[in-house]
Amino acid sequence: MSRIGLRPITIPEKVKVTVDGSVVKVEGPRGKMEHTLPSVISASLDKGVLTVKNNAAGQKKSKALHGLSRSLVANMVEGVSKGFQTKLEIQGVGFKAAVQGSQLNLSLGFSHPVLYDIPADIKITVTDNVNVSVEGFDKQRVGAVAADIRRYYPPEPYKGKGVRYAGEKIIRKEGKTAQGK
């Protein structure tokens, strides 16, 4: 029995949800999304509450899919109503970022600037040249874009330079020491 899968999803007033067989469509002020449920999972909408049911309750795989499907649909509902945001910090001397049109220009100590094409459904803002905010209505896309940007220069353990998630703790290592005789 999946405890997460049993929780009902309350639909906000601004969000419109339709269940057509195994396809769940969600539409809100920030955008539209749809998800196809696995064959062992079904969804039903009743008076502004969406419930996800497991049709094959005894199978181990269906238990996992039950909780996963409920979480994906709940993230869709939250995404089209509120949206998601991930913040990144850039640390290092001379390291900075700027949005130029539909590209993110990153100066990360390389001999050339790193240009990242911003997807159409994602909004990136830069404050103080070092704080990057990635926003969108699809939680998976927001996380993937933030991970792509971080991958250009992950934080290194000796000086702590690089692109990190806001609030991420980097375990620092001690550098080499001179050994005298």
# chains A, B, ... in the order shown; residues from 1 in each chain; ligands from 1
$ closest_atom_pairs --of "range 74-144 of chain A" --to "range 167-170 of chain A" --cutoff "10 Å" --atoms "only C-alpha atoms" --output "JSON lines"
{"residue": "A:Lys87", "atom": "CA", "partner": "A:Gly167", "partner_atom": "CA", "distance": 9.0}
{"residue": "A:Leu88", "atom": "CA", "partner": "A:Gly167", "partner_atom": "CA", "distance": 8.7}
{"residue": "A:Glu89", "atom": "CA", "partner": "A:Gly167", "partner_atom": "CA", "distance": 8.6}
$ closest_atom_pairs --of "range 37-69 of chain A" --to "range 9-29 of chain A" --cutoff "9 Å" --atoms "only C-alpha atoms" --output "tab-separated table"
residue	atom	partner	partner_atom	distance
A:Leu37	CA	A:Ser22	CA	5.1
A:Pro38	CA	A:Ser22	CA	7.3
A:Ser39	CA	A:Ser22	CA	7.3
A:Ile41	CA	A:Ser22	CA	7.9
A:Ser42	CA	A:Ser22	CA	6.3
A:Ala43	CA	A:Val19	CA	6.9
A:Ser44	CA	A:Val19	CA	6.8
A:Leu45	CA	A:Val19	CA	7.1
A:Gly48	CA	A:Ile11	CA	5.3
A:Val49	CA	A:Thr10	CA	4.6
A:Leu50	CA	A:Ile9	CA	5.0
A:Thr51	CA	A:Ile9	CA	6.3
A:Val52	CA	A:Ile9	CA	8.6
$ residues_around --residues "Ala64 in chain A" --least-positions-apart "5" --cutoff "12 Å" --atoms "only C-alpha atoms" --output "MDAnalysis selection string"
chainID A and resid 1:6 38 40:41 54 56:59 69:71
$ residues_around --residues "Pro113 in chain A" --least-positions-apart "4" --cutoff "10 Å" --atoms "only C-alpha atoms" --output "NGL selection string"
:A and (96-97 or 104-109)
$ residues_around --residues "Glu156 in chain A" --least-positions-apart "4" --cutoff "10 Å" --atoms "only C-alpha atoms" --output "mmCIF file with C-alpha atoms, in the first residue's frame"
data_model
loop_
_atom_site.group_PDB
_atom_site.id
_atom_site.type_symbol
_atom_site.label_atom_id
_atom_site.label_comp_id
_atom_site.auth_asym_id
_atom_site.auth_seq_id
_atom_site.Cartn_x
_atom_site.Cartn_y
_atom_site.Cartn_z
ATOM 1 C CA GLY A 160 34.999 26.263 -3.352
ATOM 2 C CA LYS A 161 34.820 27.908 -6.784
ATOM 3 C CA GLY A 162 32.039 27.001 -9.174
ATOM 4 C CA VAL A 163 28.294 26.929 -9.697
ATOM 5 C CA ARG A 164 26.316 25.531 -6.763
ATOM 6 C CA ILE A 170 30.632 21.992 -0.103
ATOM 7 C CA ILE A 171 32.958 19.828 1.959
ATOM 8 C CA ARG A 172 36.321 21.539 1.701
ATOM 9 C CA LYS A 173 39.609 19.679 1.499
#
$ select_by_dssp --residues "chain A" --states "strand (DSSP E)" --output "ChimeraX atom specification"
/A:9-10,16-20,23-27,32-36,41-46,49-54,84-91,96-100,103-107,114-117,122-127,131-136,162-165
